[in-house]
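Dropping coords12.txt in here (compact mmCIF, N, CA and C atoms):
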# COMPACT_ATOMS: atom_id res chain seq x y z
N MET M 1 -50.33 -23.22 -23.92
CA MET M 1 -50.32 -22.90 -22.51
C MET M 1 -49.63 -21.55 -22.31
N LYS M 2 -50.26 -20.70 -21.50
CA LYS M 2 -49.74 -19.36 -21.26
C LYS M 2 -48.64 -19.39 -20.20
N LYS M 3 -47.53 -18.75 -20.51
CA LYS M 3 -46.42 -18.67 -19.54
C LYS M 3 -46.67 -17.49 -18.61
N ILE M 4 -46.52 -17.73 -17.32
CA ILE M 4 -46.76 -16.71 -16.31
C ILE M 4 -45.44 -16.04 -15.94
N ASN M 5 -45.42 -14.74 -15.98
CA ASN M 5 -44.24 -13.96 -15.61
C ASN M 5 -44.00 -14.12 -14.11
N SER M 6 -42.80 -14.54 -13.72
CA SER M 6 -42.51 -14.79 -12.31
C SER M 6 -42.58 -13.51 -11.47
N ARG M 7 -42.23 -12.38 -12.06
CA ARG M 7 -42.31 -11.11 -11.32
C ARG M 7 -43.78 -10.76 -11.02
N THR M 8 -44.66 -10.97 -12.02
CA THR M 8 -46.09 -10.72 -11.83
C THR M 8 -46.67 -11.67 -10.79
N LYS M 9 -46.26 -12.93 -10.86
CA LYS M 9 -46.71 -13.94 -9.90
C LYS M 9 -46.27 -13.58 -8.49
N GLY M 10 -45.02 -13.13 -8.35
CA GLY M 10 -44.49 -12.73 -7.04
C GLY M 10 -45.21 -11.52 -6.49
N ALA M 11 -45.46 -10.52 -7.34
CA ALA M 11 -46.15 -9.30 -6.89
C ALA M 11 -47.58 -9.62 -6.44
N ALA M 12 -48.25 -10.50 -7.18
CA ALA M 12 -49.61 -10.89 -6.81
C ALA M 12 -49.60 -11.60 -5.45
N PHE M 13 -48.59 -12.44 -5.21
CA PHE M 13 -48.49 -13.13 -3.92
C PHE M 13 -48.20 -12.14 -2.80
N GLU M 14 -47.35 -11.16 -3.05
CA GLU M 14 -47.08 -10.13 -2.05
C GLU M 14 -48.37 -9.38 -1.71
N ARG M 15 -49.16 -9.03 -2.72
CA ARG M 15 -50.44 -8.33 -2.46
C ARG M 15 -51.38 -9.19 -1.63
N LEU M 16 -51.42 -10.49 -1.94
CA LEU M 16 -52.25 -11.41 -1.15
C LEU M 16 -51.77 -11.45 0.29
N MET M 17 -50.47 -11.49 0.50
CA MET M 17 -49.94 -11.55 1.87
C MET M 17 -50.21 -10.24 2.62
N VAL M 18 -50.11 -9.10 1.94
CA VAL M 18 -50.43 -7.82 2.58
C VAL M 18 -51.88 -7.83 3.05
N LYS M 19 -52.79 -8.29 2.19
CA LYS M 19 -54.20 -8.36 2.56
C LYS M 19 -54.41 -9.32 3.72
N THR M 20 -53.78 -10.49 3.66
CA THR M 20 -53.92 -11.49 4.71
C THR M 20 -53.41 -10.96 6.04
N ILE M 21 -52.24 -10.32 6.04
CA ILE M 21 -51.66 -9.76 7.26
C ILE M 21 -52.54 -8.64 7.80
N ASN M 22 -52.98 -7.73 6.94
CA ASN M 22 -53.82 -6.62 7.39
C ASN M 22 -55.15 -7.10 7.93
N ASP M 23 -55.74 -8.10 7.30
CA ASP M 23 -56.99 -8.67 7.82
C ASP M 23 -56.79 -9.23 9.21
N ARG M 24 -55.66 -9.91 9.42
CA ARG M 24 -55.37 -10.50 10.73
C ARG M 24 -55.11 -9.40 11.77
N LEU M 25 -54.35 -8.38 11.38
CA LEU M 25 -54.08 -7.27 12.30
C LEU M 25 -55.39 -6.60 12.73
N GLU M 26 -56.27 -6.38 11.79
CA GLU M 26 -57.56 -5.76 12.10
C GLU M 26 -58.39 -6.67 13.01
N GLN M 27 -58.44 -7.94 12.67
CA GLN M 27 -59.20 -8.91 13.46
C GLN M 27 -58.71 -8.96 14.91
N GLU M 28 -57.39 -8.86 15.09
CA GLU M 28 -56.80 -8.95 16.43
C GLU M 28 -56.67 -7.60 17.11
N LYS M 29 -57.23 -6.55 16.50
CA LYS M 29 -57.28 -5.20 17.09
C LYS M 29 -55.93 -4.51 17.19
N TYR M 30 -55.07 -4.71 16.19
CA TYR M 30 -53.81 -3.98 16.12
C TYR M 30 -54.03 -2.75 15.25
N GLU M 31 -53.42 -1.64 15.62
CA GLU M 31 -53.56 -0.41 14.86
C GLU M 31 -52.69 -0.40 13.61
N THR M 32 -51.56 -1.04 13.67
CA THR M 32 -50.60 -1.01 12.57
C THR M 32 -51.13 -1.77 11.35
N ARG M 33 -50.70 -1.34 10.17
CA ARG M 33 -51.04 -2.01 8.92
C ARG M 33 -49.76 -2.10 8.07
N VAL M 34 -49.77 -3.01 7.11
CA VAL M 34 -48.60 -3.18 6.24
C VAL M 34 -48.95 -2.84 4.80
N LYS M 35 -47.91 -2.62 4.02
CA LYS M 35 -48.06 -2.45 2.58
C LYS M 35 -46.81 -3.02 1.93
N ARG M 36 -46.91 -3.28 0.65
CA ARG M 36 -45.76 -3.79 -0.09
C ARG M 36 -44.66 -2.73 -0.09
N ASN M 37 -43.44 -3.18 0.05
CA ASN M 37 -42.29 -2.30 -0.04
C ASN M 37 -41.87 -2.25 -1.51
N LEU M 38 -42.36 -1.28 -2.23
CA LEU M 38 -42.09 -1.21 -3.67
C LEU M 38 -40.62 -0.90 -3.97
N ASP M 39 -39.91 -0.33 -3.02
CA ASP M 39 -38.49 -0.05 -3.21
C ASP M 39 -37.66 -1.32 -3.36
N GLN M 40 -38.17 -2.45 -2.82
CA GLN M 40 -37.40 -3.69 -2.85
C GLN M 40 -37.15 -4.18 -4.28
N ALA M 41 -37.96 -3.70 -5.23
CA ALA M 41 -37.74 -4.10 -6.62
C ALA M 41 -36.52 -3.39 -7.23
N PHE M 42 -36.12 -2.27 -6.62
CA PHE M 42 -35.04 -1.46 -7.18
C PHE M 42 -33.80 -1.39 -6.30
N VAL M 43 -33.97 -1.67 -5.01
CA VAL M 43 -32.86 -1.57 -4.05
C VAL M 43 -32.60 -2.95 -3.47
N LYS M 44 -31.44 -3.46 -3.71
CA LYS M 44 -31.08 -4.79 -3.22
C LYS M 44 -31.02 -4.81 -1.69
N GLY M 45 -31.45 -5.91 -1.11
CA GLY M 45 -31.31 -6.10 0.33
C GLY M 45 -32.49 -5.66 1.16
N LEU M 46 -33.61 -5.26 0.52
CA LEU M 46 -34.80 -4.87 1.27
C LEU M 46 -35.82 -6.00 1.26
N ALA M 47 -36.61 -6.09 2.33
CA ALA M 47 -37.67 -7.10 2.41
C ALA M 47 -38.88 -6.65 1.59
N ASP M 48 -39.76 -7.60 1.32
CA ASP M 48 -40.98 -7.31 0.57
C ASP M 48 -41.99 -6.52 1.40
N ILE M 49 -42.05 -6.83 2.70
CA ILE M 49 -43.02 -6.22 3.61
C ILE M 49 -42.32 -6.00 4.95
N TYR M 50 -42.61 -4.88 5.57
CA TYR M 50 -42.13 -4.63 6.94
C TYR M 50 -43.34 -4.46 7.84
N LEU M 51 -43.31 -5.12 8.98
CA LEU M 51 -44.35 -5.00 10.00
C LEU M 51 -43.65 -4.70 11.31
N ASP M 52 -43.61 -3.42 11.67
CA ASP M 52 -42.92 -2.99 12.88
C ASP M 52 -41.52 -3.60 12.94
N ASN M 53 -41.30 -4.58 13.81
CA ASN M 53 -39.98 -5.17 13.98
C ASN M 53 -39.72 -6.40 13.10
N PHE M 54 -40.61 -6.68 12.17
CA PHE M 54 -40.49 -7.86 11.32
C PHE M 54 -40.17 -7.47 9.88
N ALA M 55 -39.25 -8.21 9.27
CA ALA M 55 -38.95 -8.11 7.84
C ALA M 55 -39.50 -9.39 7.21
N ILE M 56 -40.42 -9.23 6.26
CA ILE M 56 -41.12 -10.38 5.68
C ILE M 56 -40.76 -10.52 4.21
N GLU M 57 -40.31 -11.69 3.86
CA GLU M 57 -39.99 -12.01 2.47
C GLU M 57 -41.04 -12.99 1.97
N CYS M 58 -41.60 -12.73 0.79
CA CYS M 58 -42.64 -13.58 0.20
C CYS M 58 -42.09 -14.24 -1.06
N LYS M 59 -42.31 -15.53 -1.18
CA LYS M 59 -41.85 -16.28 -2.35
C LYS M 59 -42.99 -17.12 -2.89
N ARG M 60 -43.23 -16.99 -4.17
CA ARG M 60 -44.24 -17.81 -4.86
C ARG M 60 -43.49 -18.55 -5.94
N TYR M 61 -43.55 -19.88 -5.89
CA TYR M 61 -42.71 -20.69 -6.75
C TYR M 61 -43.52 -21.79 -7.42
N GLY M 62 -42.95 -22.40 -8.42
CA GLY M 62 -43.61 -23.45 -9.19
C GLY M 62 -43.77 -24.74 -8.42
N ALA M 63 -43.39 -25.84 -9.01
CA ALA M 63 -43.60 -27.16 -8.43
C ALA M 63 -42.58 -27.50 -7.36
N SER M 64 -43.02 -28.35 -6.43
CA SER M 64 -42.12 -28.86 -5.40
C SER M 64 -42.64 -30.23 -4.95
N ASN M 65 -41.76 -31.18 -4.86
CA ASN M 65 -42.15 -32.49 -4.33
C ASN M 65 -42.13 -32.51 -2.82
N THR M 66 -41.35 -31.63 -2.21
CA THR M 66 -41.16 -31.68 -0.76
C THR M 66 -41.87 -30.56 0.00
N ASN M 67 -42.17 -29.46 -0.65
CA ASN M 67 -42.74 -28.26 -0.01
C ASN M 67 -41.74 -27.62 0.95
N MET M 68 -40.48 -27.95 0.82
CA MET M 68 -39.43 -27.38 1.68
C MET M 68 -38.91 -26.08 1.06
N TYR M 69 -38.74 -25.07 1.90
CA TYR M 69 -38.22 -23.79 1.41
C TYR M 69 -36.76 -23.93 0.99
N LYS M 70 -36.32 -23.02 0.17
CA LYS M 70 -34.93 -23.01 -0.28
C LYS M 70 -34.10 -22.21 0.74
N GLN M 71 -32.95 -22.73 1.09
CA GLN M 71 -32.09 -22.05 2.05
C GLN M 71 -31.75 -20.64 1.59
N ALA M 72 -31.60 -20.45 0.28
CA ALA M 72 -31.30 -19.11 -0.26
C ALA M 72 -32.39 -18.12 0.09
N TRP M 73 -33.65 -18.57 0.19
CA TRP M 73 -34.75 -17.67 0.57
C TRP M 73 -34.58 -17.21 2.01
N TRP M 74 -34.25 -18.17 2.90
CA TRP M 74 -34.05 -17.80 4.30
C TRP M 74 -32.83 -16.89 4.44
N ASP M 75 -31.76 -17.18 3.71
CA ASP M 75 -30.58 -16.33 3.73
C ASP M 75 -30.93 -14.91 3.28
N GLN M 76 -31.79 -14.81 2.27
CA GLN M 76 -32.20 -13.50 1.77
C GLN M 76 -32.95 -12.70 2.83
N VAL M 77 -33.89 -13.33 3.52
CA VAL M 77 -34.66 -12.60 4.54
C VAL M 77 -33.79 -12.29 5.76
N ILE M 78 -32.85 -13.16 6.08
CA ILE M 78 -31.89 -12.88 7.16
C ILE M 78 -31.10 -11.62 6.80
N HIS M 79 -30.66 -11.54 5.56
CA HIS M 79 -29.91 -10.37 5.09
C HIS M 79 -30.79 -9.12 5.13
N SER M 80 -32.02 -9.23 4.65
CA SER M 80 -32.95 -8.09 4.65
C SER M 80 -33.26 -7.62 6.07
N ALA M 81 -33.38 -8.57 6.98
CA ALA M 81 -33.70 -8.23 8.37
C ALA M 81 -32.53 -7.55 9.07
N GLY M 82 -31.33 -7.99 8.75
CA GLY M 82 -30.15 -7.44 9.42
C GLY M 82 -30.26 -7.59 10.92
N ASP M 83 -29.73 -6.62 11.65
CA ASP M 83 -29.80 -6.64 13.12
C ASP M 83 -31.03 -5.91 13.65
N ARG M 84 -31.74 -5.21 12.77
CA ARG M 84 -32.88 -4.38 13.20
C ARG M 84 -34.21 -5.10 13.23
N PHE M 85 -34.37 -6.13 12.39
CA PHE M 85 -35.67 -6.75 12.21
C PHE M 85 -35.62 -8.26 12.47
N ILE M 86 -36.79 -8.82 12.72
CA ILE M 86 -36.95 -10.26 12.91
C ILE M 86 -37.38 -10.84 11.56
N PRO M 87 -36.67 -11.83 11.03
CA PRO M 87 -37.00 -12.36 9.70
C PRO M 87 -38.21 -13.29 9.71
N ILE M 88 -39.03 -13.15 8.68
CA ILE M 88 -40.13 -14.08 8.43
C ILE M 88 -40.15 -14.37 6.93
N LEU M 89 -40.24 -15.63 6.60
CA LEU M 89 -40.36 -16.06 5.21
C LEU M 89 -41.74 -16.68 5.03
N ILE M 90 -42.48 -16.21 4.03
CA ILE M 90 -43.77 -16.79 3.68
C ILE M 90 -43.65 -17.25 2.24
N TYR M 91 -44.01 -18.49 1.98
CA TYR M 91 -43.84 -19.01 0.63
C TYR M 91 -44.96 -19.96 0.24
N LYS M 92 -45.09 -20.13 -1.06
CA LYS M 92 -46.09 -21.04 -1.59
C LYS M 92 -45.59 -21.65 -2.90
N PHE M 93 -45.70 -22.96 -2.98
CA PHE M 93 -45.47 -23.68 -4.22
C PHE M 93 -46.82 -23.96 -4.87
N ASN M 94 -46.83 -24.15 -6.18
CA ASN M 94 -48.07 -24.49 -6.87
C ASN M 94 -48.74 -25.69 -6.22
N PHE M 95 -50.06 -25.60 -6.06
CA PHE M 95 -50.89 -26.69 -5.56
C PHE M 95 -50.55 -27.12 -4.13
N LYS M 96 -49.88 -26.25 -3.39
CA LYS M 96 -49.56 -26.52 -1.98
C LYS M 96 -50.10 -25.36 -1.14
N GLU M 97 -50.26 -25.60 0.16
CA GLU M 97 -50.72 -24.52 1.02
C GLU M 97 -49.58 -23.55 1.31
N ILE M 98 -49.92 -22.39 1.80
CA ILE M 98 -48.93 -21.36 2.14
C ILE M 98 -48.23 -21.76 3.43
N TYR M 99 -46.91 -21.65 3.41
CA TYR M 99 -46.08 -21.98 4.57
C TYR M 99 -45.33 -20.75 5.05
N ALA M 100 -44.88 -20.82 6.29
CA ALA M 100 -44.08 -19.75 6.87
C ALA M 100 -42.88 -20.35 7.59
N VAL M 101 -41.81 -19.58 7.60
CA VAL M 101 -40.60 -19.94 8.35
C VAL M 101 -40.29 -18.74 9.23
N ILE M 102 -40.09 -19.01 10.50
CA ILE M 102 -39.76 -17.96 11.47
C ILE M 102 -38.65 -18.46 12.37
N PRO M 103 -37.98 -17.55 13.07
CA PRO M 103 -37.03 -18.02 14.08
C PRO M 103 -37.79 -18.79 15.16
N ALA M 104 -37.28 -19.93 15.55
CA ALA M 104 -37.97 -20.80 16.51
C ALA M 104 -38.20 -20.12 17.85
N TRP M 105 -37.35 -19.16 18.23
CA TRP M 105 -37.50 -18.51 19.53
C TRP M 105 -38.81 -17.73 19.64
N LEU M 106 -39.45 -17.42 18.51
CA LEU M 106 -40.72 -16.71 18.55
C LEU M 106 -41.87 -17.57 19.08
N VAL M 107 -41.73 -18.90 18.97
CA VAL M 107 -42.83 -19.78 19.38
C VAL M 107 -42.38 -20.89 20.33
N SER M 108 -41.17 -20.76 20.87
CA SER M 108 -40.67 -21.80 21.77
C SER M 108 -39.66 -21.17 22.73
N SER M 109 -39.06 -22.04 23.52
CA SER M 109 -38.02 -21.56 24.43
C SER M 109 -36.63 -21.72 23.82
N ALA M 110 -36.57 -21.88 22.51
CA ALA M 110 -35.28 -21.99 21.81
C ALA M 110 -34.46 -20.72 22.05
N PRO M 111 -33.13 -20.84 22.00
CA PRO M 111 -32.30 -19.64 22.17
C PRO M 111 -32.56 -18.63 21.04
N LYS M 112 -32.33 -17.38 21.34
CA LYS M 112 -32.59 -16.32 20.36
C LYS M 112 -31.51 -16.36 19.29
N ASN M 113 -31.76 -17.19 18.29
CA ASN M 113 -30.84 -17.42 17.18
C ASN M 113 -31.69 -17.56 15.92
N ASN M 114 -31.55 -16.65 14.99
CA ASN M 114 -32.40 -16.67 13.80
C ASN M 114 -32.08 -17.81 12.84
N GLN M 115 -31.03 -18.56 13.09
CA GLN M 115 -30.71 -19.71 12.23
C GLN M 115 -31.41 -20.98 12.70
N ILE M 116 -32.01 -20.94 13.87
CA ILE M 116 -32.83 -22.07 14.35
C ILE M 116 -34.26 -21.72 13.98
N THR M 117 -34.83 -22.44 13.01
CA THR M 117 -36.10 -22.04 12.44
C THR M 117 -37.24 -22.99 12.77
N TYR M 118 -38.43 -22.46 12.60
CA TYR M 118 -39.67 -23.21 12.77
C TYR M 118 -40.46 -23.02 11.48
N MET M 119 -40.85 -24.12 10.85
CA MET M 119 -41.58 -24.07 9.59
C MET M 119 -42.94 -24.73 9.79
N CYS M 120 -44.00 -24.08 9.31
CA CYS M 120 -45.33 -24.65 9.44
C CYS M 120 -46.28 -23.96 8.46
N PRO M 121 -47.48 -24.52 8.26
CA PRO M 121 -48.46 -23.83 7.43
C PRO M 121 -48.78 -22.45 8.02
N LEU M 122 -49.00 -21.48 7.17
CA LEU M 122 -49.30 -20.12 7.65
C LEU M 122 -50.52 -20.11 8.56
N ASP M 123 -51.53 -20.91 8.25
CA ASP M 123 -52.72 -20.97 9.10
C ASP M 123 -52.38 -21.40 10.52
N GLU M 124 -51.47 -22.35 10.66
CA GLU M 124 -51.05 -22.80 11.99
C GLU M 124 -50.31 -21.68 12.73
N LEU M 125 -49.48 -20.97 12.01
CA LEU M 125 -48.72 -19.87 12.61
C LEU M 125 -49.67 -18.79 13.11
N CYS M 126 -50.75 -18.54 12.38
CA CYS M 126 -51.71 -17.51 12.77
C CYS M 126 -52.36 -17.82 14.12
N LYS M 127 -52.42 -19.09 14.50
CA LYS M 127 -52.98 -19.46 15.79
C LYS M 127 -52.10 -18.96 16.93
N GLN M 128 -50.84 -18.65 16.63
CA GLN M 128 -49.89 -18.16 17.64
C GLN M 128 -49.57 -16.68 17.42
N PHE M 129 -50.46 -16.00 16.72
CA PHE M 129 -50.26 -14.62 16.31
C PHE M 129 -49.91 -13.69 17.48
N ASP M 130 -50.71 -13.73 18.54
CA ASP M 130 -50.47 -12.83 19.67
C ASP M 130 -49.12 -13.08 20.34
N GLU M 131 -48.75 -14.35 20.49
CA GLU M 131 -47.47 -14.70 21.10
C GLU M 131 -46.31 -14.17 20.24
N ILE M 132 -46.42 -14.35 18.94
CA ILE M 132 -45.37 -13.90 18.02
C ILE M 132 -45.28 -12.38 18.04
N MET M 133 -46.42 -11.72 17.99
CA MET M 133 -46.41 -10.25 18.02
C MET M 133 -45.83 -9.73 19.33
N ALA M 134 -46.16 -10.35 20.44
CA ALA M 134 -45.63 -9.92 21.74
C ALA M 134 -44.11 -10.11 21.80
N LYS M 135 -43.61 -11.23 21.32
CA LYS M 135 -42.17 -11.46 21.34
C LYS M 135 -41.45 -10.52 20.37
N GLY M 136 -42.17 -10.05 19.34
CA GLY M 136 -41.61 -9.08 18.40
C GLY M 136 -41.86 -7.64 18.84
N HIS M 137 -42.42 -7.48 20.05
CA HIS M 137 -42.70 -6.18 20.64
C HIS M 137 -43.66 -5.33 19.83
N VAL M 138 -44.71 -6.00 19.29
CA VAL M 138 -45.78 -5.30 18.60
C VAL M 138 -47.02 -5.49 19.48
N HIS M 139 -47.64 -4.39 19.87
CA HIS M 139 -48.74 -4.46 20.81
C HIS M 139 -50.03 -3.97 20.20
N SER M 140 -51.13 -4.61 20.60
CA SER M 140 -52.44 -4.21 20.09
C SER M 140 -52.91 -2.95 20.81
N LYS M 141 -54.08 -2.46 20.40
CA LYS M 141 -54.64 -1.23 20.97
C LYS M 141 -54.80 -1.34 22.48
What does this structure look like when you write it as structure tokens?
Amino acid sequence: MKKINSRTKGAAFERLMVKTINDRLEQEKYETRVKRNLDQAFVKGLADIYLDNFAIECKRYGASNTNMYKQAWWDQVIHSAGDRFIPILIYKFNFKEIYAVIPAWLVSSAPKNNQITYMCPLDELCKQFDEIMAKGHVHSK
């Protein structure tokens, strides 16, 4: 059995997420596009992808019985986002669908606190794309 390099696996997932995000931005008529932040491999504390006011961390991991994200991942994106950006975590375990974690205030009337989170499949989150982009102050054409 061939062992897969975790760095290669992570980079491939980041590329997939860049394509997925850009396809959605184009579909929804947004001018902005994203690309991988290659500096994050060399400079600690940077997110994998930046989309205007959003800092996005991507995690591709092995097996999971629960499909629950690791708190350390959310802590990492909170750190990467700092006070300037809104944190988003996108992750996938083997044989599971892609999930996202965002601050709950982006999709509800929850108080603006990035430690109160909302977790759901990425496809479900995409159904609320315009609402999330508007609350993040990203506007279409």
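Here atom N of Leu89 (chain M) and atom C of Phe54 (chain M) stand 8.8 Å from one another.
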Considering only N, CA and C atoms, give me a table of residues in region 63-106 of chain M that are at most 8 Å from region 114-119 of chain M, with the closest atom pair and distance in Å for each, as JSON lines.
{"residue": "M:Ile78", "atom": "CA", "partner": "M:Asn114", "partner_atom": "C", "distance": 7.5}
{"residue": "M:Ile86", "atom": "CA", "partner": "M:Asn114", "partner_atom": "CA", "distance": 7.9}
{"residue": "M:Pro87", "atom": "N", "partner": "M:Asn114", "partner_atom": "CA", "distance": 7.0}
{"residue": "M:Tyr99", "atom": "C", "partner": "M:Met119", "partner_atom": "C", "distance": 6.6}
{"residue": "M:Ala100", "atom": "C", "partner": "M:Met119", "partner_atom": "CA", "distance": 4.4}
{"residue": "M:Val101", "atom": "CA", "partner": "M:Tyr118", "partner_atom": "C", "distance": 4.4}
{"residue": "M:Ile102", "atom": "C", "partner": "M:Tyr118", "partner_atom": "N", "distance": 4.0}
{"residue": "M:Pro103", "atom": "CA", "partner": "M:Thr117", "partner_atom": "CA", "distance": 4.4}
{"residue": "M:Ala104", "atom": "N", "partner": "M:Ile116", "partner_atom": "C", "distance": 3.8}
{"residue": "M:Trp105", "atom": "N", "partner": "M:Ile116", "partner_atom": "C", "distance": 5.8}
{"residue": "M:Leu106", "atom": "N", "partner": "M:Tyr118", "partner_atom": "N", "distance": 7.8}
Which centre and edge lengths in Å to one decimal define the box along x, y and z that fits every listed atom of region 25-42 of chain M plus 6 Å per side, as JSON?
{"center_x": -46.5, "center_y": -4.5, "center_z": 5.0, "size_x": 37.4, "size_y": 20.9, "size_z": 36.4}
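With all atoms listed in the file as the atoms that count, the residue of M:Lys96, M:Glu124, M:Tyr50, M:Gly82 with the shortest distance to Asn67 (chain M) is M:Lys96.
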Practice problem: Considering only N, CA and C atoms, return as a ChimeraX atom specification whatever protein or nucleic-acid residues lie within 8 Å of Glu14 (chain M), sequence-local ones (same chain, fewer than 6 positions apart) excluded. | Solution: /M:8,20,35-36,48-49,57-60
Save out the residues we just selected, N, CA and C atoms, as a PDB file, in the coordinates of the input.
ATOM      1  N   THR M   8     -44.660 -10.970 -12.020  1.00  0.00           N
ATOM      2  CA  THR M   8     -46.090 -10.720 -11.830  1.00  0.00           C
ATOM      3  C   THR M   8     -46.670 -11.670 -10.790  1.00  0.00           C
ATOM      4  N   THR M  20     -53.780 -10.490   3.660  1.00  0.00           N
ATOM      5  CA  THR M  20     -53.920 -11.490   4.710  1.00  0.00           C
ATOM      6  C   THR M  20     -53.410 -10.960   6.040  1.00  0.00           C
ATOM      7  N   LYS M  35     -47.910  -2.620   4.020  1.00  0.00           N
ATOM      8  CA  LYS M  35     -48.060  -2.450   2.580  1.00  0.00           C
ATOM      9  C   LYS M  35     -46.810  -3.020   1.930  1.00  0.00           C
ATOM     10  N   ARG M  36     -46.910  -3.280   0.650  1.00  0.00           N
ATOM     11  CA  ARG M  36     -45.760  -3.790  -0.090  1.00  0.00           C
ATOM     12  C   ARG M  36     -44.660  -2.730  -0.090  1.00  0.00           C
ATOM     13  N   ASP M  48     -39.760  -7.600   1.320  1.00  0.00           N
ATOM     14  CA  ASP M  48     -40.980  -7.310   0.570  1.00  0.00           C
ATOM     15  C   ASP M  48     -41.990  -6.520   1.400  1.00  0.00           C
ATOM     16  N   ILE M  49     -42.050  -6.830   2.700  1.00  0.00           N
ATOM     17  CA  ILE M  49     -43.020  -6.220   3.610  1.00  0.00           C
ATOM     18  C   ILE M  49     -42.320  -6.000   4.950  1.00  0.00           C
ATOM     19  N   GLU M  57     -40.310 -11.690   3.860  1.00  0.00           N
ATOM     20  CA  GLU M  57     -39.990 -12.010   2.470  1.00  0.00           C
ATOM     21  C   GLU M  57     -41.040 -12.990   1.970  1.00  0.00           C
ATOM     22  N   CYS M  58     -41.600 -12.730   0.790  1.00  0.00           N
ATOM     23  CA  CYS M  58     -42.640 -13.580   0.200  1.00  0.00           C
ATOM     24  C   CYS M  58     -42.090 -14.240  -1.060  1.00  0.00           C
ATOM     25  N   LYS M  59     -42.310 -15.530  -1.180  1.00  0.00           N
ATOM     26  CA  LYS M  59     -41.850 -16.280  -2.350  1.00  0.00           C
ATOM     27  C   LYS M  59     -42.990 -17.120  -2.890  1.00  0.00           C
ATOM     28  N   ARG M  60     -43.230 -16.990  -4.170  1.00  0.00           N
ATOM     29  CA  ARG M  60     -44.240 -17.810  -4.860  1.00  0.00           C
ATOM     30  C   ARG M  60     -43.490 -18.550  -5.940  1.00  0.00           C
TER      31      ARG M  60
END
Self-check item: For Gly136 (chain M), the nearest of the candidates M:Asp23, M:Asp75, M:Asp52, M:Glu31, counting only N, CA and C atoms
Solution: M:Asp52
Would you please extract all strand (DSSP E or B) residues from chain M, as assigned by DSSP on the backbone, and give them as a compact mmCIF listing (two decimals) with N, CA and C atoms, in the coordinates of the input?
# COMPACT_ATOMS: atom_id res chain seq x y z
N ARG M 36 -46.91 -3.28 0.65
CA ARG M 36 -45.76 -3.79 -0.09
C ARG M 36 -44.66 -2.73 -0.09
N ILE M 49 -42.05 -6.83 2.70
CA ILE M 49 -43.02 -6.22 3.61
C ILE M 49 -42.32 -6.00 4.95
N TYR M 50 -42.61 -4.88 5.57
CA TYR M 50 -42.13 -4.63 6.94
C TYR M 50 -43.34 -4.46 7.84
N LEU M 51 -43.31 -5.12 8.98
CA LEU M 51 -44.35 -5.00 10.00
C LEU M 51 -43.65 -4.70 11.31
N PHE M 54 -40.61 -6.68 12.17
CA PHE M 54 -40.49 -7.86 11.32
C PHE M 54 -40.17 -7.47 9.88
N ALA M 55 -39.25 -8.21 9.27
CA ALA M 55 -38.95 -8.11 7.84
C ALA M 55 -39.50 -9.39 7.21
N ILE M 56 -40.42 -9.23 6.26
CA ILE M 56 -41.12 -10.38 5.68
C ILE M 56 -40.76 -10.52 4.21
N GLU M 57 -40.31 -11.69 3.86
CA GLU M 57 -39.99 -12.01 2.47
C GLU M 57 -41.04 -12.99 1.97
N CYS M 58 -41.60 -12.73 0.79
CA CYS M 58 -42.64 -13.58 0.20
C CYS M 58 -42.09 -14.24 -1.06
N LYS M 59 -42.31 -15.53 -1.18
CA LYS M 59 -41.85 -16.28 -2.35
C LYS M 59 -42.99 -17.12 -2.89
N ARG M 60 -43.23 -16.99 -4.17
CA ARG M 60 -44.24 -17.81 -4.86
C ARG M 60 -43.49 -18.55 -5.94
N TYR M 61 -43.55 -19.88 -5.89
CA TYR M 61 -42.71 -20.69 -6.75
C TYR M 61 -43.52 -21.79 -7.42
N ILE M 86 -36.79 -8.82 12.72
CA ILE M 86 -36.95 -10.26 12.91
C ILE M 86 -37.38 -10.84 11.56
N PRO M 87 -36.67 -11.83 11.03
CA PRO M 87 -37.00 -12.36 9.70
C PRO M 87 -38.21 -13.29 9.71
N ILE M 88 -39.03 -13.15 8.68
CA ILE M 88 -40.13 -14.08 8.43
C ILE M 88 -40.15 -14.37 6.93
N LEU M 89 -40.24 -15.63 6.60
CA LEU M 89 -40.36 -16.06 5.21
C LEU M 89 -41.74 -16.68 5.03
N ILE M 90 -42.48 -16.21 4.03
CA ILE M 90 -43.77 -16.79 3.68
C ILE M 90 -43.65 -17.25 2.24
N TYR M 91 -44.01 -18.49 1.98
CA TYR M 91 -43.84 -19.01 0.63
C TYR M 91 -44.96 -19.96 0.24
N LYS M 92 -45.09 -20.13 -1.06
CA LYS M 92 -46.09 -21.04 -1.59
C LYS M 92 -45.59 -21.65 -2.90
N PHE M 93 -45.70 -22.96 -2.98
CA PHE M 93 -45.47 -23.68 -4.22
C PHE M 93 -46.82 -23.96 -4.87
N TYR M 99 -46.91 -21.65 3.41
CA TYR M 99 -46.08 -21.98 4.57
C TYR M 99 -45.33 -20.75 5.05
N ALA M 100 -44.88 -20.82 6.29
CA ALA M 100 -44.08 -19.75 6.87
C ALA M 100 -42.88 -20.35 7.59
N VAL M 101 -41.81 -19.58 7.60
CA VAL M 101 -40.60 -19.94 8.35
C VAL M 101 -40.29 -18.74 9.23
N ILE M 102 -40.09 -19.01 10.50
CA ILE M 102 -39.76 -17.96 11.47
C ILE M 102 -38.65 -18.46 12.37
N PRO M 103 -37.98 -17.55 13.07
CA PRO M 103 -37.03 -18.02 14.08
C PRO M 103 -37.79 -18.79 15.16
N THR M 117 -34.83 -22.44 13.01
CA THR M 117 -36.10 -22.04 12.44
C THR M 117 -37.24 -22.99 12.77
N TYR M 118 -38.43 -22.46 12.60
CA TYR M 118 -39.67 -23.21 12.77
C TYR M 118 -40.46 -23.02 11.48
N MET M 119 -40.85 -24.12 10.85
CA MET M 119 -41.58 -24.07 9.59
C MET M 119 -42.94 -24.73 9.79
N CYS M 120 -44.00 -24.08 9.31
CA CYS M 120 -45.33 -24.65 9.44
C CYS M 120 -46.28 -23.96 8.46
N PRO M 121 -47.48 -24.52 8.26
CA PRO M 121 -48.46 -23.83 7.43
C PRO M 121 -48.78 -22.45 8.02
